[in-house]
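Text of data.csv (CSV, C-alpha atoms) as supplied:
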```csv
chain,number,residue,atom,x,y,z
A,889,MET,CA,52.0,57.8,-81.6
A,890,ILE,CA,54.0,54.8,-82.8
A,891,TYR,CA,55.3,54.4,-79.3
A,892,LEU,CA,51.7,54.3,-78.0
A,893,GLN,CA,50.7,51.7,-80.6
A,894,LEU,CA,53.7,49.5,-79.7
A,895,PHE,CA,53.0,49.9,-76.0
A,896,TRP,CA,49.3,49.0,-76.4
A,897,SER,CA,50.0,46.0,-78.7
A,898,PHE,CA,52.5,44.5,-76.4
A,899,PHE,CA,50.4,45.3,-73.4
A,900,GLN,CA,47.6,43.1,-74.9
A,901,ILE,CA,50.1,40.4,-75.7
A,902,GLY,CA,51.4,40.4,-72.1
A,903,LEU,CA,47.8,40.5,-70.7
A,904,LEU,CA,46.4,37.7,-72.8
A,905,SER,CA,49.2,35.2,-73.1
A,906,PHE,CA,48.5,32.5,-70.6
A,907,GLY,CA,50.6,29.4,-70.4
A,908,GLY,CA,54.1,30.8,-71.0
A,909,GLY,CA,56.5,30.5,-73.9
A,910,LEU,CA,54.8,29.4,-77.1
A,911,ALA,CA,51.4,30.4,-75.9
A,912,ALA,CA,52.3,34.0,-76.7
A,913,MET,CA,53.2,33.2,-80.3
A,914,PRO,CA,49.7,33.3,-81.9
A,915,LEU,CA,49.0,36.6,-80.1
A,916,ILE,CA,52.2,38.1,-81.3
A,917,GLN,CA,51.4,37.0,-84.8
A,918,ILE,CA,48.0,38.6,-84.7
A,919,GLN,CA,49.2,42.0,-83.3
A,920,VAL,CA,52.4,42.3,-85.3
A,921,VAL,CA,51.6,40.6,-88.6
A,922,ASP,CA,47.8,40.6,-89.0
A,923,ILE,CA,46.7,43.9,-87.4
A,924,HIS,CA,49.6,46.3,-87.8
A,925,GLY,CA,51.7,44.7,-90.5
A,926,TRP,CA,54.9,45.6,-88.7
A,927,LEU,CA,56.5,42.3,-89.9
A,928,THR,CA,55.8,40.1,-92.8
A,929,PHE,CA,54.9,36.5,-92.0
A,930,THR,CA,58.4,35.4,-93.1
A,931,GLU,CA,60.0,38.0,-90.9
A,932,PHE,CA,57.8,36.8,-88.1
A,933,THR,CA,59.0,33.2,-88.5
A,934,ASP,CA,62.6,34.5,-88.5
A,935,LEU,CA,61.7,36.2,-85.2
A,936,ILE,CA,60.3,33.0,-83.8
A,937,THR,CA,63.4,31.1,-84.9
A,938,ILE,CA,65.7,33.7,-83.4
A,939,SER,CA,63.7,33.8,-80.2
A,940,GLU,CA,63.9,30.0,-79.9
A,941,MET,CA,67.7,30.0,-80.2
A,942,THR,CA,68.3,32.9,-77.9
A,943,PRO,CA,67.6,32.9,-74.2
A,944,GLY,CA,64.7,34.8,-72.6
A,945,PRO,CA,60.9,34.8,-72.9
A,946,ILE,CA,59.6,34.8,-76.5
A,947,SER,CA,57.3,37.8,-75.9
A,948,ILE,CA,60.1,40.0,-74.6
A,949,ASN,CA,62.4,38.9,-77.4
A,950,SER,CA,59.6,39.9,-79.9
A,951,ALA,CA,58.9,43.2,-78.1
A,952,THR,CA,62.6,44.1,-78.4
A,953,PHE,CA,62.9,42.9,-82.0
A,954,VAL,CA,59.7,44.6,-83.3
A,955,GLY,CA,60.3,47.7,-81.2
A,956,THR,CA,63.8,48.1,-82.5
A,957,GLN,CA,62.7,47.5,-86.1
A,958,ILE,CA,59.9,50.0,-86.0
A,959,ALA,CA,61.1,52.8,-83.7
A,960,GLY,CA,64.7,52.1,-82.5
A,961,LEU,CA,65.9,51.7,-79.0
A,962,GLY,CA,63.0,53.8,-77.6
A,963,GLY,CA,60.6,51.4,-79.4
A,964,ALA,CA,62.2,48.4,-77.9
A,965,LEU,CA,62.0,49.8,-74.3
A,966,VAL,CA,58.4,50.9,-74.7
A,967,SER,CA,57.3,47.5,-76.2
A,968,THR,CA,59.1,45.6,-73.5
A,969,PHE,CA,57.6,47.8,-70.8
A,970,GLY,CA,54.1,47.3,-72.2
A,971,CYS,CA,54.7,43.5,-72.4
A,972,ILE,CA,55.7,43.1,-68.7
A,973,LEU,CA,53.4,45.7,-67.2
A,974,PRO,CA,50.3,43.4,-67.0
A,975,SER,CA,52.5,40.7,-65.3
A,976,CYS,CA,53.7,43.2,-62.7
A,977,ILE,CA,50.1,44.3,-61.9
A,978,ILE,CA,48.4,40.9,-62.0
A,979,VAL,CA,51.1,38.8,-60.4
A,980,SER,CA,51.4,41.2,-57.5
A,981,LEU,CA,47.6,41.0,-57.1
A,982,LEU,CA,47.6,37.2,-57.3
A,983,ALA,CA,50.4,36.9,-54.8
A,984,TRP,CA,48.4,38.9,-52.4
A,985,LEU,CA,45.2,37.0,-53.2
A,986,TYR,CA,47.1,33.7,-52.8
A,987,GLY,CA,48.1,34.7,-49.3
A,988,LYS,CA,44.5,35.4,-48.5
A,989,TYR,CA,42.6,32.6,-50.2
A,990,ARG,CA,44.8,29.6,-51.0
A,991,GLU,CA,42.1,27.5,-52.7
A,992,LEU,CA,40.5,29.6,-55.4
A,993,VAL,CA,38.0,27.2,-57.0
A,994,ILE,CA,36.9,29.6,-59.7
A,995,ILE,CA,40.5,30.5,-60.7
A,996,LYS,CA,41.4,26.8,-60.9
A,997,GLY,CA,38.3,26.2,-63.1
A,998,VAL,CA,39.2,29.1,-65.4
A,999,LEU,CA,42.8,27.8,-65.8
A,1000,ALA,CA,41.6,24.2,-66.4
A,1001,CYS,CA,39.6,25.5,-69.4
A,1002,LEU,CA,42.4,27.7,-70.7
A,1003,ARG,CA,45.1,25.0,-70.8
A,1004,PRO,CA,43.5,22.9,-73.5
A,1005,MET,CA,42.8,26.1,-75.4
A,1006,VAL,CA,46.5,27.0,-75.2
A,1007,ALA,CA,47.4,23.6,-76.7
A,1008,ALA,CA,45.1,24.1,-79.6
A,1009,LEU,CA,46.5,27.7,-80.2
A,1010,ILE,CA,50.1,26.4,-80.2
A,1011,LEU,CA,49.1,23.6,-82.6
A,1012,SER,CA,47.5,26.2,-85.0
A,1013,ALA,CA,50.6,28.4,-84.9
A,1014,GLY,CA,52.9,25.4,-85.4
A,1015,LEU,CA,50.9,24.3,-88.4
A,1016,SER,CA,51.2,27.8,-90.0
A,1017,ILE,CA,54.9,27.6,-89.7
A,1018,LEU,CA,55.0,24.0,-90.8
A,1019,ILE,CA,53.2,24.9,-94.0
A,1020,LEU,CA,55.6,27.8,-94.6
A,1021,SER,CA,58.5,25.5,-94.0
A,1022,PHE,CA,57.3,22.7,-96.3
A,1023,TRP,CA,55.6,24.6,-99.1
A,1024,GLY,CA,57.2,28.1,-98.9
A,1025,PRO,CA,55.3,31.4,-98.9
A,1026,GLY,CA,52.9,30.2,-101.6
A,1027,GLY,CA,51.1,28.0,-99.0
A,1028,PHE,CA,49.7,24.5,-99.1
A,1029,THR,CA,49.1,22.7,-102.4
A,1030,TRP,CA,48.5,19.0,-103.3
A,1031,ASP,CA,51.4,19.3,-105.9
A,1032,THR,CA,54.3,17.2,-104.4
A,1033,ALA,CA,56.8,19.0,-106.7
A,1034,SER,CA,56.4,22.1,-104.5
A,1035,ILE,CA,57.3,20.3,-101.3
A,1036,ASP,CA,60.7,21.2,-99.8
A,1037,PHE,CA,62.0,17.7,-98.9
A,1038,ILE,CA,65.0,19.0,-97.1
A,1039,ALA,CA,62.7,20.7,-94.6
A,1040,VAL,CA,60.5,17.6,-94.3
A,1041,ALA,CA,63.6,15.5,-93.5
A,1042,LEU,CA,64.9,18.0,-91.0
A,1043,PHE,CA,61.5,18.2,-89.3
A,1044,THR,CA,61.1,14.4,-89.1
A,1045,VAL,CA,64.6,13.7,-87.8
A,1046,SER,CA,64.3,16.6,-85.3
A,1047,LEU,CA,60.9,15.5,-84.0
A,1048,PHE,CA,62.2,11.9,-83.6
A,1049,LEU,CA,65.3,13.1,-81.6
A,1050,LEU,CA,63.1,15.3,-79.4
A,1051,ARG,CA,60.6,12.6,-78.6
A,1052,LYS,CA,62.9,9.6,-78.4
A,1053,PHE,CA,66.0,11.0,-76.8
A,1054,LYS,CA,64.7,14.3,-75.2
A,1055,THR,CA,67.5,16.1,-77.1
A,1056,SER,CA,67.8,19.8,-76.1
A,1057,PRO,CA,65.8,22.2,-78.2
A,1058,LEU,CA,68.8,24.4,-78.6
A,1059,PHE,CA,70.8,21.6,-80.0
A,1060,ILE,CA,68.0,20.6,-82.4
A,1061,ILE,CA,67.6,24.2,-83.7
A,1062,LEU,CA,71.3,24.9,-84.1
A,1063,GLY,CA,71.8,21.4,-85.7
A,1064,SER,CA,69.0,21.7,-88.2
A,1065,GLY,CA,70.3,25.2,-89.0
A,1066,MET,CA,73.8,24.0,-89.8
A,1067,ILE,CA,72.8,20.8,-91.6
A,1068,GLY,CA,69.9,22.4,-93.4
A,1069,GLY,CA,72.0,25.4,-94.3
A,1070,ALA,CA,74.6,23.2,-95.8
A,1071,CYS,CA,72.0,21.2,-97.8
A,1072,TYR,CA,70.3,24.3,-99.1
A,1073,LEU,CA,73.5,25.8,-100.3
A,1074,LEU,CA,74.7,22.5,-101.9
A,1075,PHE,CA,71.5,21.4,-103.6
B,571,MET,CA,66.4,39.2,-45.8
B,572,LYS,CA,68.5,42.4,-45.3
B,573,LYS,CA,68.0,45.1,-47.8
B,574,ASN,CA,71.6,46.1,-48.5
B,575,ILE,CA,73.5,46.7,-51.7
B,576,LYS,CA,75.2,43.3,-51.5
B,577,ASN,CA,71.9,41.4,-51.4
B,578,TYR,CA,70.3,43.6,-54.1
B,579,PHE,CA,73.3,42.9,-56.3
B,580,ARG,CA,73.1,39.1,-55.6
B,581,LEU,CA,69.4,39.1,-56.5
B,582,PHE,CA,70.1,41.0,-59.7
B,583,LYS,CA,73.0,38.8,-60.6
B,584,SER,CA,71.1,35.6,-60.0
B,585,THR,CA,68.0,36.6,-62.1
B,586,PHE,CA,70.3,38.1,-64.8
B,587,LEU,CA,72.2,34.8,-65.2
B,588,LEU,CA,69.1,32.7,-65.0
B,589,SER,CA,67.5,34.7,-67.7
B,590,ALA,CA,70.6,34.7,-69.9
B,591,PHE,CA,70.8,31.0,-69.9
B,592,THR,CA,67.2,30.0,-70.1
B,593,PHE,CA,66.8,28.5,-73.5
B,594,GLY,CA,63.7,26.9,-74.7
B,595,GLY,CA,60.7,28.6,-73.1
B,596,GLY,CA,59.5,29.7,-69.7
B,597,TYR,CA,58.9,26.2,-68.2
B,598,VAL,CA,62.7,25.7,-68.1
B,599,ILE,CA,63.3,28.5,-65.7
B,600,ILE,CA,61.4,27.0,-62.7
B,601,PRO,CA,63.8,24.0,-62.1
B,602,LEU,CA,66.8,26.4,-62.6
B,603,MET,CA,65.3,28.9,-60.1
B,604,LYS,CA,64.8,26.1,-57.6
B,605,LYS,CA,68.4,25.1,-58.0
B,606,LYS,CA,69.6,28.6,-57.5
B,607,PHE,CA,67.4,30.0,-54.7
B,608,VAL,CA,66.6,26.9,-52.8
B,609,ASP,CA,69.6,24.6,-53.1
B,610,GLU,CA,72.4,27.0,-53.7
B,611,LEU,CA,71.6,30.2,-51.9
B,612,GLY,CA,69.1,28.8,-49.4
B,613,TRP,CA,66.9,32.0,-49.6
B,614,LEU,CA,63.6,30.1,-50.1
B,615,GLU,CA,62.0,26.8,-48.9
B,616,GLU,CA,61.3,24.3,-51.6
B,617,GLU,CA,57.5,24.4,-51.0
B,618,GLU,CA,57.5,28.1,-51.3
B,619,MET,CA,59.3,28.0,-54.6
B,620,LEU,CA,56.7,25.5,-55.9
B,621,ASN,CA,53.8,27.7,-54.8
B,622,MET,CA,55.4,30.6,-56.6
B,623,ALA,CA,55.8,28.5,-59.7
B,624,ALA,CA,52.1,27.6,-59.7
B,625,ILE,CA,51.1,31.3,-59.4
B,626,ALA,CA,53.6,32.3,-62.2
B,627,GLN,CA,52.2,29.5,-64.4
B,628,SER,CA,48.6,30.6,-63.8
B,629,SER,CA,49.2,34.3,-64.6
B,630,PRO,CA,49.3,35.9,-68.0
B,631,GLY,CA,52.6,37.2,-69.4
B,632,PRO,CA,56.1,35.7,-69.6
B,633,MET,CA,56.5,33.0,-67.0
B,634,ALA,CA,60.1,33.9,-66.2
B,635,VAL,CA,59.1,37.5,-65.5
B,636,ASN,CA,56.2,36.4,-63.3
B,637,ALA,CA,58.4,34.0,-61.3
B,638,SER,CA,61.1,36.7,-60.8
B,639,ILE,CA,58.5,39.2,-59.6
B,640,LEU,CA,57.2,36.7,-57.0
B,641,VAL,CA,60.7,35.7,-55.8
B,642,GLY,CA,62.0,39.3,-55.7
B,643,TRP,CA,58.9,40.5,-53.9
B,644,ARG,CA,59.0,37.7,-51.3
B,645,LEU,CA,62.7,38.3,-50.6
B,646,MET,CA,63.0,42.1,-50.6
B,647,GLY,CA,59.6,43.7,-51.2
B,648,ILE,CA,58.8,46.0,-54.1
B,649,SER,CA,62.4,47.1,-54.6
B,650,GLY,CA,63.4,43.4,-54.8
B,651,ALA,CA,60.7,42.7,-57.4
B,652,LEU,CA,61.9,45.6,-59.5
B,653,MET,CA,65.5,44.4,-59.2
B,654,ALA,CA,64.5,40.9,-60.2
B,655,ILE,CA,62.4,42.2,-63.2
B,656,LEU,CA,65.4,44.3,-64.4
B,657,GLY,CA,67.7,41.2,-64.1
B,658,THR,CA,65.3,39.1,-66.1
B,659,VAL,CA,64.4,41.5,-68.8
B,660,LEU,CA,67.9,42.9,-69.6
B,661,PRO,CA,69.5,39.8,-71.2
B,662,PRO,CA,66.8,39.3,-73.9
B,663,LEU,CA,66.6,43.1,-74.4
B,664,ILE,CA,70.4,43.4,-75.0
B,665,ILE,CA,70.7,40.2,-77.2
B,666,LEU,CA,67.7,41.0,-79.4
B,667,SER,CA,68.6,44.7,-79.8
B,668,VAL,CA,72.0,43.6,-81.2
B,669,ILE,CA,70.5,40.9,-83.5
B,670,SER,CA,67.8,43.4,-84.6
B,671,LEU,CA,70.4,46.0,-85.6
B,672,PHE,CA,72.2,43.5,-87.9
B,673,TYR,CA,69.0,41.8,-89.1
B,674,ASP,CA,68.5,44.0,-92.2
B,675,SER,CA,72.1,43.5,-93.4
B,676,PHE,CA,72.3,39.7,-92.9
B,677,ARG,CA,68.7,38.8,-93.9
B,678,ASP,CA,69.5,38.9,-97.6
B,679,ASN,CA,72.8,36.9,-97.1
B,680,ALA,CA,72.4,33.5,-98.9
B,681,LEU,CA,74.2,31.6,-96.1
B,682,VAL,CA,72.1,33.2,-93.3
B,683,SER,CA,68.8,32.6,-95.1
B,684,ALA,CA,69.7,29.0,-95.8
B,685,VAL,CA,70.6,28.5,-92.1
B,686,LEU,CA,67.4,30.2,-91.0
B,687,LYS,CA,65.4,28.1,-93.4
B,688,GLY,CA,67.0,24.9,-91.9
B,689,MET,CA,66.4,26.2,-88.4
B,690,MET,CA,62.7,26.9,-89.2
B,691,ALA,CA,62.2,23.1,-89.7
B,692,GLY,CA,63.9,22.5,-86.4
B,693,VAL,CA,61.7,25.1,-84.6
B,694,CYS,CA,58.7,23.4,-86.1
B,695,ALA,CA,59.7,20.1,-84.6
B,696,VAL,CA,60.2,21.8,-81.2
B,697,ILE,CA,56.7,23.3,-81.4
B,698,PHE,CA,55.2,20.0,-82.3
B,699,ASP,CA,57.1,18.2,-79.6
B,700,VAL,CA,55.5,20.6,-77.0
B,701,VAL,CA,52.1,20.2,-78.6
B,702,ILE,CA,52.3,16.4,-78.5
B,703,THR,CA,53.2,16.5,-74.8
B,704,MET,CA,50.5,19.0,-73.9
B,705,GLY,CA,47.8,17.3,-76.0
B,706,GLY,CA,48.9,13.9,-74.9
B,707,LYS,CA,48.4,14.9,-71.2
B,708,ILE,CA,44.9,16.2,-72.0
B,709,PHE,CA,43.9,13.0,-73.8
B,710,LYS,CA,45.4,10.8,-71.1
B,711,ALA,CA,43.4,12.6,-68.4
B,712,LYS,CA,40.3,11.2,-70.2
B,713,LYS,CA,38.0,14.1,-69.3
B,714,LEU,CA,35.6,14.9,-72.0
B,715,LEU,CA,35.4,18.7,-71.5
B,716,PRO,CA,39.2,19.6,-71.9
B,717,ILE,CA,39.4,17.3,-75.0
B,718,LEU,CA,36.3,19.1,-76.5
B,719,ILE,CA,37.8,22.5,-75.7
B,720,MET,CA,41.1,21.6,-77.4
B,721,VAL,CA,39.5,20.2,-80.6
B,722,GLY,CA,36.9,22.9,-80.7
B,723,VAL,CA,39.3,25.7,-80.3
B,724,PHE,CA,41.5,24.3,-83.0
B,725,VAL,CA,38.6,24.1,-85.5
B,726,VAL,CA,37.2,27.5,-84.5
B,727,TYR,CA,40.6,29.3,-84.6
B,728,PHE,CA,42.6,27.6,-87.3
B,729,VAL,CA,39.9,26.6,-89.7
B,730,LEU,CA,37.2,29.3,-89.1
B,731,ARG,CA,39.6,32.1,-88.1
B,732,VAL,CA,37.5,33.4,-85.2
B,733,ASN,CA,39.1,36.3,-83.2
B,734,ILE,CA,41.3,35.0,-80.5
B,735,ILE,CA,40.1,37.4,-77.8
B,736,ASN,CA,36.6,36.0,-78.2
B,737,ILE,CA,37.9,32.5,-77.8
B,738,ILE,CA,39.8,33.4,-74.6
B,739,LEU,CA,36.8,35.1,-73.1
B,740,PHE,CA,34.5,32.2,-74.0
B,741,CYS,CA,36.9,29.6,-72.4
B,742,GLY,CA,37.4,31.7,-69.3
B,743,THR,CA,33.6,32.2,-68.8
B,744,LEU,CA,33.1,28.5,-69.4
B,745,GLY,CA,35.7,27.8,-66.6
B,746,VAL,CA,33.8,30.1,-64.2
B,747,LEU,CA,30.4,28.5,-64.9
B,748,ILE,CA,31.7,24.9,-64.7
B,749,SER,CA,33.7,25.4,-61.5
B,750,LEU,CA,30.6,26.9,-59.9
B,751,HIS,CA,28.4,24.1,-61.1
B,752,ASP,CA,30.9,21.4,-60.1
B,753,LYS,CA,31.3,23.0,-56.6
B,754,ARG,CA,27.5,22.9,-56.1
B,755,THR,CA,27.0,19.4,-57.5
B,756,GLY,CA,30.3,17.8,-56.3
B,757,LYS,CA,31.1,16.6,-59.8
B,758,GLU,CA,34.5,17.0,-61.6
B,759,HIS,CA,34.2,18.0,-65.2
B,760,ILE,CA,37.6,19.6,-65.4
```
Go through the file and emit its structure as structure tokens.
Amino acid sequence: MIYLQLFWSFFQIGLLSFGGGLAAMPLIQIQVVDIHGWLTFTEFTDLITISEMTPGPISINSATFVGTQIAGLGGALVSTFGCILPSCIIVSLLAWLYGKYRELVIIKGVLACLRPMVAALILSAGLSILILSFWGPGGFTWDTASIDFIAVALFTVSLFLLRKFKTSPLFIILGSGMIGGACYLLF
Amino acid sequence: MKKNIKNYFRLFKSTFLLSAFTFGGGYVIIPLMKKKFVDELGWLEEEEMLNMAAIAQSSPGPMAVNASILVGWRLMGISGALMAILGTVLPPLIILSVISLFYDSFRDNALVSAVLKGMMAGVCAVIFDVVITMGGKIFKAKKLLPILIMVGVFVVYFVLRVNIINIILFCGTLGVLISLHDKRTGKEHI
């Protein structure tokens, strides 16, 4: 039963995540945290952090992680299979369609409307994590005493490096982990 | 391409290594694939690779998996696609299984939680970097409809907490209607 639930959840994630990478993040959150409660929100952000610092697609990383946590290796395999099955079916179909009709006006139109949506969804997910990072599990308040200034500093410097010098994301994440880790332990 | 064990193994090895070293999201894998399959192995033409990238990008699901399916299929049919999927999925499956096994024991460790907390701020910055780039492109294109969709979806999803499936269906339907309308009238709203 749990295998079926895992399969079906990750099948939906695979089916509905357009745009690659971070686009899957809000969908994973909805399935894994909001609907099934397989992970707490903090565990989910740990998962995102781990996914970002390890290679491979975020949805497959999540499928493996959640599957293993909930139902061991079998769970990991079932979730991963569910996650890639829609791709296998749809991409094969699209490759065939592409050979037949190269200029799909309607498909292009649908994608043009989905791209700005994806940007908004990623922003929403990013804001949720930002609030957790700056204010902790308690959520946003106007009280400045509850702000984690180490996190604010790490975020600001990281974003500056990414925008200005196109620093590699891996370097940013590992760097903020080491510097931040040292700061949290010292102060 | 010949369907022999040597070529299957080379396809598996290529996709496995590409997947194992693709840090930072699906978009990174396309230039790496081009380097490998076009420049290094000469198995594909550059234009073909770009077409496949476009289809992979337009399809749901992980982009690295989509691209591998297309390349594997093109080179060696269904068995090639399966080989490429296996090569792409195995590295994250192995790495995350190992991390997941140790997750419980190291989650409560003070050093690990401090490092994860620091990394969370870094991940946030990476997410905002992507959002700024994506949003910036949409604003720079100066088309009203995509800007309205972006702002509207943010409000409806983040503030009003509307179910994401409804939002996807709405935007998809809007795309169908608008492209049909534009085709008939010759305008370009998107």
I want to know what sits within 12 Å of stretch 574-590 of chain B, based on only C-alpha atoms, with residues of the same chain fewer than 5 positions away left out; could you give that as a VMD selection string? (chain A and resid 941 to 946 948 to 949) or (chain B and resid 595 to 596 598 to 607 610 to 611 613 632 to 666)
Q) Got a sec to check which residues sit within 12 Å of (58.5, 55.6, -86.8), counting only C-alpha atoms, and write them as a VMD selection string? A) chain A and resid 889 to 894 926 954 to 963
**Prompt:** So which residues touch A:Glu931 within 12 Å, counting only C-alpha atoms, skipping near sequence neighbours fewer than 4 positions away, as a count of residues only?
**Reply:** 26
note - atom CA of B:Glu758 and atom CA of B:Lys712 are separated by 11.9 Å
query: Looking at A:Leu1018, A:Cys976, A:Ala1041, A:Val1006, which one is nearest to A:Thr933, with distances taken over all atoms listed in the file?
result: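 Among the listed residues, A:Leu1018 lies closest to A:Thr933.
Atom CA of A:Ile1010 lies 7.5 Å from atom CA of A:Met913.
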N, CA and C atoms modelled onto stretch 918-934 of chain A, as a compact mmCIF listing (two decimals), keeping the file's coordinate frame:
```
# COMPACT_ATOMS: atom_id res chain seq x y z
N ILE A 918 49.16 37.82 -84.39
CA ILE A 918 48.00 38.60 -84.70
C ILE A 918 48.25 40.11 -84.58
N GLN A 919 48.92 40.54 -83.51
CA GLN A 919 49.20 42.00 -83.30
C GLN A 919 50.20 42.49 -84.36
N VAL A 920 51.30 41.74 -84.51
CA VAL A 920 52.40 42.30 -85.30
C VAL A 920 52.29 42.07 -86.76
N VAL A 921 51.73 40.92 -87.17
CA VAL A 921 51.60 40.60 -88.60
C VAL A 921 50.21 41.01 -89.11
N ASP A 922 49.16 40.49 -88.46
CA ASP A 922 47.80 40.60 -89.00
C ASP A 922 47.25 42.05 -88.83
N ILE A 923 47.35 42.60 -87.62
CA ILE A 923 46.70 43.90 -87.40
C ILE A 923 47.55 45.05 -87.87
N HIS A 924 48.84 45.09 -87.46
CA HIS A 924 49.60 46.30 -87.80
C HIS A 924 50.57 46.14 -88.96
N GLY A 925 50.84 44.89 -89.38
CA GLY A 925 51.70 44.70 -90.50
C GLY A 925 53.15 45.22 -90.25
N TRP A 926 53.58 45.18 -88.99
CA TRP A 926 54.90 45.60 -88.70
C TRP A 926 55.98 44.64 -89.22
N LEU A 927 55.61 43.36 -89.28
CA LEU A 927 56.50 42.30 -89.90
C LEU A 927 55.69 41.56 -90.89
N THR A 928 56.40 41.03 -91.94
CA THR A 928 55.80 40.10 -92.80
C THR A 928 55.74 38.72 -92.12
N PHE A 929 54.97 37.76 -92.66
CA PHE A 929 54.90 36.50 -92.00
C PHE A 929 56.27 35.77 -91.98
N THR A 930 57.03 35.97 -93.07
CA THR A 930 58.40 35.40 -93.10
C THR A 930 59.28 36.00 -92.06
N GLU A 931 59.22 37.34 -91.93
CA GLU A 931 60.00 38.00 -90.90
C GLU A 931 59.59 37.50 -89.50
N PHE A 932 58.28 37.28 -89.35
CA PHE A 932 57.80 36.80 -88.10
C PHE A 932 58.34 35.41 -87.75
N THR A 933 58.39 34.52 -88.76
CA THR A 933 59.00 33.20 -88.50
C THR A 933 60.45 33.28 -88.20
N ASP A 934 61.15 34.22 -88.87
CA ASP A 934 62.60 34.50 -88.50
C ASP A 934 62.66 34.84 -87.06
```
